[in-house]
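Trainee: What follows is start-v2.txt, compact mmCIF, C-alpha atoms.
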```
# COMPACT_ATOMS: atom_id res chain seq x y z
CA MET A 1 -9.26 -40.08 4.50
CA ASN A 2 -9.76 -38.99 0.92
CA ALA A 3 -10.51 -35.56 -0.53
CA LYS A 4 -14.28 -36.18 -0.55
CA LYS A 5 -14.33 -37.10 3.14
CA TYR A 6 -12.17 -34.06 3.92
CA ARG A 7 -14.62 -31.78 2.10
CA GLN A 8 -17.48 -33.24 4.17
CA VAL A 9 -15.57 -32.70 7.42
CA ARG A 10 -14.74 -29.15 6.32
CA ALA A 11 -18.44 -28.41 5.68
CA VAL A 12 -19.43 -29.74 9.11
CA VAL A 13 -16.69 -27.66 10.78
CA ALA A 14 -17.81 -24.56 8.84
CA ILE A 15 -21.41 -25.06 10.05
CA PHE A 16 -20.18 -25.58 13.60
CA VAL A 17 -17.98 -22.45 13.53
CA GLY A 18 -20.83 -20.45 11.95
CA ALA A 19 -23.19 -21.54 14.75
CA ILE A 20 -20.64 -20.66 17.45
CA VAL A 21 -19.99 -17.23 15.92
CA SER A 22 -23.75 -16.50 15.67
CA ILE A 23 -24.26 -17.48 19.31
CA ALA A 24 -21.25 -15.35 20.26
CA ALA A 25 -22.64 -12.41 18.27
CA THR A 26 -26.01 -12.58 20.03
CA ARG A 27 -24.26 -12.63 23.42
CA ASP A 28 -21.67 -9.97 22.49
CA SER A 29 -18.87 -12.36 23.35
CA TYR A 30 -15.82 -11.70 21.20
CA LEU A 31 -13.85 -14.28 23.14
CA LEU A 32 -16.32 -17.06 22.31
CA SER A 33 -16.31 -16.20 18.59
CA ALA A 34 -12.50 -16.03 18.50
CA ALA A 35 -12.26 -19.34 20.35
CA GLY A 36 -14.77 -20.94 17.95
CA VAL A 37 -12.93 -19.78 14.83
CA LEU A 38 -9.54 -20.77 16.29
CA THR A 39 -10.78 -24.22 17.31
CA GLY A 40 -12.23 -24.78 13.82
CA MET A 41 -8.97 -23.73 12.17
CA ILE A 42 -6.82 -25.96 14.40
CA PHE A 43 -9.17 -28.90 13.88
CA LEU A 44 -9.05 -28.50 10.09
CA ILE A 45 -5.24 -28.19 10.09
CA LEU A 46 -5.00 -31.40 12.14
CA VAL A 47 -7.45 -33.26 9.89
CA ARG A 48 -5.64 -32.03 6.79
CA SER A 49 -2.27 -33.18 8.08
CA LYS A 50 -3.70 -36.65 8.76
CA ALA A 51 -5.44 -36.91 5.38
CA ARG A 52 -3.53 -37.23 2.14
CA ILE A 53 -5.01 -34.27 0.29
CA ILE A 54 -3.66 -33.83 -3.20
CA VAL A 55 -3.11 -30.22 -4.20
CA ASP A 56 -2.21 -30.83 -7.81
CA GLU A 57 -0.96 -28.43 -10.47
CA ARG A 58 -4.41 -27.80 -11.92
CA GLU A 59 -5.69 -26.68 -8.55
CA LYS A 60 -2.62 -24.46 -8.13
CA THR A 61 -3.33 -22.88 -11.53
CA ILE A 62 -6.94 -22.28 -10.50
CA ARG A 63 -5.77 -20.68 -7.24
CA GLU A 64 -3.35 -18.43 -9.14
CA LYS A 65 -6.06 -17.30 -11.54
CA ALA A 66 -8.57 -16.79 -8.72
CA ALA A 67 -6.03 -14.72 -6.74
CA ASN A 68 -5.23 -12.67 -9.84
CA MET A 69 -8.91 -12.07 -10.53
CA THR A 70 -9.55 -11.15 -6.89
CA TYR A 71 -6.74 -8.57 -7.03
CA ALA A 72 -7.93 -7.21 -10.37
CA ILE A 73 -11.45 -6.70 -8.98
CA PHE A 74 -10.69 -5.72 -5.39
CA ALA A 75 -7.89 -3.15 -5.93
CA PRO A 76 -9.80 -0.85 -8.33
CA THR A 77 -13.06 -1.25 -6.38
CA ILE A 78 -11.54 -0.25 -3.06
CA GLY A 79 -9.45 2.47 -4.75
CA ILE A 80 -12.47 4.07 -6.43
CA GLY A 81 -14.42 3.62 -3.18
CA ALA A 82 -11.70 5.52 -1.31
CA PHE A 83 -11.75 8.31 -3.89
CA LEU A 84 -15.53 8.67 -3.74
CA LEU A 85 -15.58 8.67 0.06
CA MET A 86 -12.88 11.32 0.29
CA ILE A 87 -14.60 13.82 -1.98
CA PRO A 88 -15.23 16.89 0.23
CA TYR A 89 -19.03 16.58 0.22
CA ARG A 90 -19.18 19.31 2.90
CA ASP A 91 -18.41 21.89 0.27
CA ILE A 92 -20.91 20.46 -2.18
CA SER A 93 -23.98 19.48 -0.17
CA PRO A 94 -25.64 21.23 2.81
CA VAL A 95 -26.65 17.80 4.20
CA PHE A 96 -22.99 16.87 4.60
CA ALA A 97 -22.07 20.37 5.81
CA LYS A 98 -23.54 19.51 9.24
CA GLY A 99 -20.69 17.10 9.73
CA GLU A 100 -22.88 14.09 10.52
CA PHE A 101 -21.18 12.07 7.82
CA ALA A 102 -17.63 13.03 8.75
CA TYR A 103 -16.83 9.38 9.39
CA LEU A 104 -17.17 8.72 5.63
CA GLU A 105 -13.99 10.68 5.00
CA SER A 106 -12.16 8.63 7.65
CA LEU A 107 -13.48 5.47 6.06
CA GLY A 108 -12.18 6.75 2.72
CA MET A 109 -8.75 7.25 4.27
CA VAL A 110 -8.79 3.69 5.60
CA PHE A 111 -9.76 2.42 2.13
CA ALA A 112 -7.00 4.50 0.52
CA TYR A 113 -4.35 3.07 2.86
CA LEU A 114 -5.74 -0.43 2.27
CA THR A 115 -5.40 0.11 -1.48
CA LEU A 116 -1.81 1.27 -1.05
CA PHE A 117 -1.05 -1.69 1.19
CA LEU A 118 -2.56 -4.09 -1.35
CA ILE A 119 -0.58 -2.61 -4.23
CA THR A 120 2.63 -2.64 -2.16
CA ILE A 121 2.16 -6.29 -1.21
CA TYR A 122 1.49 -7.15 -4.85
CA ALA A 123 4.57 -5.24 -6.05
CA ILE A 124 6.83 -6.85 -3.42
CA SER A 125 5.58 -10.37 -4.12
CA TYR A 126 5.85 -9.78 -7.88
CA TRP A 127 9.45 -8.55 -7.47
CA PHE A 128 10.33 -11.49 -5.22
CA LEU A 129 8.74 -14.13 -7.48
CA ASN A 130 10.23 -12.54 -10.60
CA ARG A 131 13.70 -12.90 -9.06
CA LYS A 132 12.95 -16.43 -7.84
CA TYR A 133 11.96 -17.57 -11.32
CA GLY A 134 14.98 -16.04 -12.99
CA GLY A 135 13.57 -12.79 -14.32
CA GLY A 136 15.17 -9.35 -14.23
CA ARG A 137 18.76 -10.47 -14.79
CA ASP A 138 20.64 -9.72 -17.98
CA GLU A 139 23.11 -12.35 -19.17
CA MET B 1 -8.93 -27.99 -30.80
CA GLY B 2 -7.83 -27.88 -27.16
CA VAL B 3 -6.14 -25.24 -25.06
CA ALA B 4 -3.38 -23.32 -26.95
CA GLY B 5 -3.72 -25.58 -30.01
CA MET B 6 -2.84 -28.74 -28.10
CA ASN B 7 -4.55 -32.10 -28.45
CA ASN B 8 -3.92 -35.37 -26.66
CA LYS B 9 -4.58 -39.08 -26.86
CA LEU B 10 -4.55 -39.69 -23.12
CA LYS B 11 -7.95 -41.38 -23.16
CA ILE B 12 -6.75 -43.84 -25.83
CA TYR B 13 -3.54 -44.68 -23.97
CA ARG B 14 -5.47 -45.06 -20.73
CA ALA B 15 -7.85 -47.48 -22.42
CA ILE B 16 -4.94 -49.44 -23.97
CA HIS B 17 -3.38 -49.85 -20.52
CA ASP B 18 -6.76 -50.64 -18.98
CA LEU B 19 -6.57 -47.91 -16.36
CA THR B 20 -9.42 -46.00 -14.81
CA GLN B 21 -9.18 -42.22 -14.41
CA GLU B 22 -8.79 -42.72 -10.67
CA GLU B 23 -5.95 -45.22 -11.12
CA LEU B 24 -4.13 -43.02 -13.61
CA ALA B 25 -4.54 -40.02 -11.30
CA GLY B 26 -3.04 -42.00 -8.42
CA LYS B 27 -0.08 -43.12 -10.54
CA ILE B 28 0.83 -39.64 -11.72
CA GLY B 29 0.00 -37.89 -8.44
CA VAL B 30 -2.87 -35.66 -9.47
CA SER B 31 -6.60 -35.59 -8.78
CA ARG B 32 -9.16 -37.39 -10.94
CA GLN B 33 -10.57 -33.99 -11.95
CA THR B 34 -7.20 -33.12 -13.46
CA VAL B 35 -7.17 -36.30 -15.55
CA ILE B 36 -10.71 -35.53 -16.73
CA ALA B 37 -9.69 -31.95 -17.60
CA ILE B 38 -6.62 -33.11 -19.56
CA GLU B 39 -8.59 -35.76 -21.46
CA SER B 40 -11.25 -33.25 -22.45
CA ASP B 41 -8.58 -30.74 -23.56
CA LYS B 42 -9.67 -28.20 -20.98
CA TYR B 43 -6.37 -28.14 -19.11
CA LEU B 44 -2.83 -28.20 -20.46
CA PRO B 45 -0.53 -30.22 -18.18
CA SER B 46 2.89 -28.88 -17.18
CA LEU B 47 5.97 -30.25 -18.92
CA GLY B 48 6.80 -32.29 -15.82
CA LEU B 49 3.38 -33.91 -15.71
CA ALA B 50 3.46 -34.55 -19.47
CA PHE B 51 6.80 -36.37 -19.02
CA LYS B 52 5.34 -38.37 -16.13
CA ILE B 53 2.39 -39.47 -18.28
CA ALA B 54 4.64 -40.34 -21.23
CA ARG B 55 7.01 -42.36 -19.02
CA LEU B 56 4.09 -44.20 -17.43
CA PHE B 57 2.91 -45.36 -20.87
CA LYS B 58 6.53 -45.84 -22.08
CA VAL B 59 6.12 -43.57 -25.09
CA ASN B 60 7.38 -40.16 -26.18
CA ILE B 61 5.51 -37.02 -25.21
CA GLU B 62 4.70 -36.35 -28.88
CA ASP B 63 2.89 -39.68 -29.10
CA ILE B 64 0.37 -38.50 -26.53
CA PHE B 65 0.38 -34.73 -26.93
CA SER B 66 0.29 -33.00 -30.27
CA PHE B 67 0.49 -29.34 -31.22
CA LYS B 68 -1.86 -28.18 -33.97
CA GLY B 69 -1.19 -24.47 -33.70
CA GLU B 70 0.96 -22.20 -35.86
CA THR B 71 4.63 -23.01 -36.39
CA TYR B 72 7.32 -20.41 -36.80
CA GLU B 73 10.42 -20.80 -38.92
CA ASN B 74 13.77 -19.23 -38.03
```
Please, can you express the file's structure as C-alpha cells?
Mentor:
Amino acid sequence: MNAKKYRQVRAVVAIFVGAIVSIAATRDSYLLSAAGVLTGMIFLILVRSKARIIVDEREKTIREKAANMTYAIFAPTIGIGAFLLMIPYRDISPVFAKGEFAYLESLGMVFAYLTLFLITIYAISYWFLNRKYGGGRDE
Amino acid sequence: MGVAGMNNKLKIYRAIHDLTQEELAGKIGVSRQTVIAIESDKYLPSLGLAFKIARLFKVNIEDIFSFKGETYEN
C-alpha cells in the first residue's frame, strides 16, 4: 500500500467514524461513540503498520512549524479568553449581578489552568529537547 | 534565489542519470513531494539528505548545491 492508498483509506475511516459518532450523538450513547472512535484509531494504526508510509524530513519540518504555529495562536487566545471570562462582571453590570452567568467565571478558571498547563508542557519539552540536542552546557 | 540563498542543480543531475522524481525519491528515502520541493528551491534539505543525494550521483555536495548568500570573513 502506498501513501495515496493510505490517504484514501484514512478518508473512508474518517467518514465512517463521523457517521458512528453522529448516530451515537442522536441516541445519547457515549459508549457507541467511544467504541467508534477507538475502532477507527486501531484500524488506522494497523493499516499504517502494514503500509510503508514515508514520513520524510520535509513532512517533519512542516509538522514542527504547524505545531509551533498552533502553540503561538492557541496559548495567547486561550489566555486572553481566560482573562476576559474572569473579569468580575457582577460588579460592573446588573445583568451579571443576578448570578446567571456565574459559570463563565468557572470556565475562565478552566481556561486559565489550561493555559498554565500548555505553557508548562511547552517549557518542559523545550528544556528536555534543548538538553537532548546539546544546548545549555558550557564547555 | 532559493531558500536561505541556496540553489541546486538536482533537476539537471536527475536528468543526466535518467531518473524520474519518483525513482529518485525512492532511492534517497523521501517522498516525491520532497524532491519536487527541493528542485523548485522551496525546501532546503538537511545535511544528511544532501550527502545522500551527492553520493547517489557520485559528486560533491557543492556540485549540486550552491550558496549565493553573503559570506563572512574571519
Trainee: Interatomic distance between CA of Gly81 (chain A) and CA of Phe111 (chain A)?
Mentor: 7.2 Å
Trainee: Fewer than 2 positions away in the same chain doesn't count, so skip those; otherwise give me all residues within 10 Å of region 12-17 of chain B, counting all atoms listed in the file, as an NGL selection string.
Mentor: :B and (8-10 or 19-21 or 23-24 or 39 or 53-54 or 56-57 or 59 or 63-64)
Trainee: Let me make sure I understand: among A:Ile42, A:Ile62, A:Ala25, A:Val9, which one has the smallest atom-to-atom distance to chain B if we use all atoms listed in the file?
Mentor: A:Ile62
Trainee: Could you state the separation of CA of Met109 (chain A) and CA of Ile121 (chain A) in Å, given to one decimal place?
Mentor: 18.2 Å
Trainee: Using only C-alpha atoms, what does the table of chain B residues within 7 Å of chain A look like, with each row giving the shortest atom pair and its distance in Å to one decimal, sorted by chain and ascending number, as a tab-separated table?
Mentor:
```
residue	atom	partner	partner_atom	distance
B:Val30	CA	A:Asp56	CA	5.1
B:Ser31	CA	A:Asp56	CA	6.5
B:Thr34	CA	A:Arg58	CA	6.2
```
Trainee: What does the distance between CA of Leu46 (chain A) and CA of Ile15 (chain A) come to in Å, to one decimal place?
Mentor: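 Here the two named atoms are 17.7 Å from each other.
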Trainee: Rank nothing, just name the residue among A:Lys98, A:Lys132, A:Arg10, A:Lys4 nearest to Phe43 (chain A), using only C-alpha atoms.
Mentor: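 Checking each of A:Lys98, A:Lys132, A:Arg10, A:Lys4 against Phe43 (chain A), counting only C-alpha atoms, the winner is A:Arg10.
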Trainee: Could N, CA and C atoms be built for region 67-89 of chain A and written out as a CSV table (one decimal), keeping the file's coordinate frame?
Mentor:
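Saved the output as out-v2.csv:
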```csv
chain,number,residue,atom,x,y,z
A,67,ALA,N,-6.7,-15.8,-7.5
A,67,ALA,CA,-6.0,-14.7,-6.7
A,67,ALA,C,-5.8,-13.5,-7.6
A,68,ASN,N,-5.4,-13.7,-8.9
A,68,ASN,CA,-5.2,-12.7,-9.8
A,68,ASN,C,-6.5,-11.9,-10.1
A,69,MET,N,-7.6,-12.7,-10.3
A,69,MET,CA,-8.9,-12.1,-10.5
A,69,MET,C,-9.4,-11.3,-9.3
A,70,THR,N,-9.2,-11.8,-8.1
A,70,THR,CA,-9.6,-11.2,-6.9
A,70,THR,C,-8.8,-9.8,-6.8
A,71,TYR,N,-7.5,-9.8,-7.1
A,71,TYR,CA,-6.7,-8.6,-7.0
A,71,TYR,C,-7.3,-7.6,-8.1
A,72,ALA,N,-7.5,-8.1,-9.3
A,72,ALA,CA,-7.9,-7.2,-10.4
A,72,ALA,C,-9.3,-6.6,-10.1
A,73,ILE,N,-10.1,-7.3,-9.3
A,73,ILE,CA,-11.4,-6.7,-9.0
A,73,ILE,C,-11.4,-5.8,-7.7
A,74,PHE,N,-10.7,-6.4,-6.7
A,74,PHE,CA,-10.7,-5.7,-5.4
A,74,PHE,C,-9.9,-4.4,-5.4
A,75,ALA,N,-8.7,-4.4,-6.0
A,75,ALA,CA,-7.9,-3.2,-5.9
A,75,ALA,C,-8.6,-1.9,-6.5
A,76,PRO,N,-9.1,-2.0,-7.8
A,76,PRO,CA,-9.8,-0.8,-8.3
A,76,PRO,C,-11.1,-0.5,-7.6
A,77,THR,N,-11.8,-1.5,-7.1
A,77,THR,CA,-13.1,-1.2,-6.4
A,77,THR,C,-12.8,-0.4,-5.1
A,78,ILE,N,-11.8,-0.9,-4.3
A,78,ILE,CA,-11.5,-0.2,-3.1
A,78,ILE,C,-10.9,1.1,-3.3
A,79,GLY,N,-10.1,1.2,-4.4
A,79,GLY,CA,-9.4,2.5,-4.8
A,79,GLY,C,-10.5,3.5,-5.1
A,80,ILE,N,-11.4,3.1,-6.0
A,80,ILE,CA,-12.5,4.1,-6.4
A,80,ILE,C,-13.4,4.4,-5.2
A,81,GLY,N,-13.6,3.4,-4.4
A,81,GLY,CA,-14.4,3.6,-3.2
A,81,GLY,C,-13.8,4.7,-2.3
A,82,ALA,N,-12.5,4.6,-2.1
A,82,ALA,CA,-11.7,5.5,-1.3
A,82,ALA,C,-11.8,6.9,-1.9
A,83,PHE,N,-11.7,7.0,-3.2
A,83,PHE,CA,-11.8,8.3,-3.9
A,83,PHE,C,-13.1,9.0,-3.7
A,84,LEU,N,-14.2,8.1,-3.9
A,84,LEU,CA,-15.5,8.7,-3.7
A,84,LEU,C,-15.8,9.1,-2.3
A,85,LEU,N,-15.3,8.3,-1.3
A,85,LEU,CA,-15.6,8.7,0.1
A,85,LEU,C,-14.8,9.9,0.5
A,86,MET,N,-13.7,10.2,-0.2
A,86,MET,CA,-12.9,11.3,0.3
A,86,MET,C,-13.2,12.6,-0.4
A,87,ILE,N,-14.2,12.6,-1.3
A,87,ILE,CA,-14.6,13.8,-2.0
A,87,ILE,C,-15.2,14.8,-0.9
A,88,PRO,N,-14.7,16.0,-0.8
A,88,PRO,CA,-15.2,16.9,0.2
A,88,PRO,C,-16.7,17.3,0.0
A,89,TYR,N,-17.6,16.4,0.4
A,89,TYR,CA,-19.0,16.6,0.2
A,89,TYR,C,-19.5,17.8,1.0
```
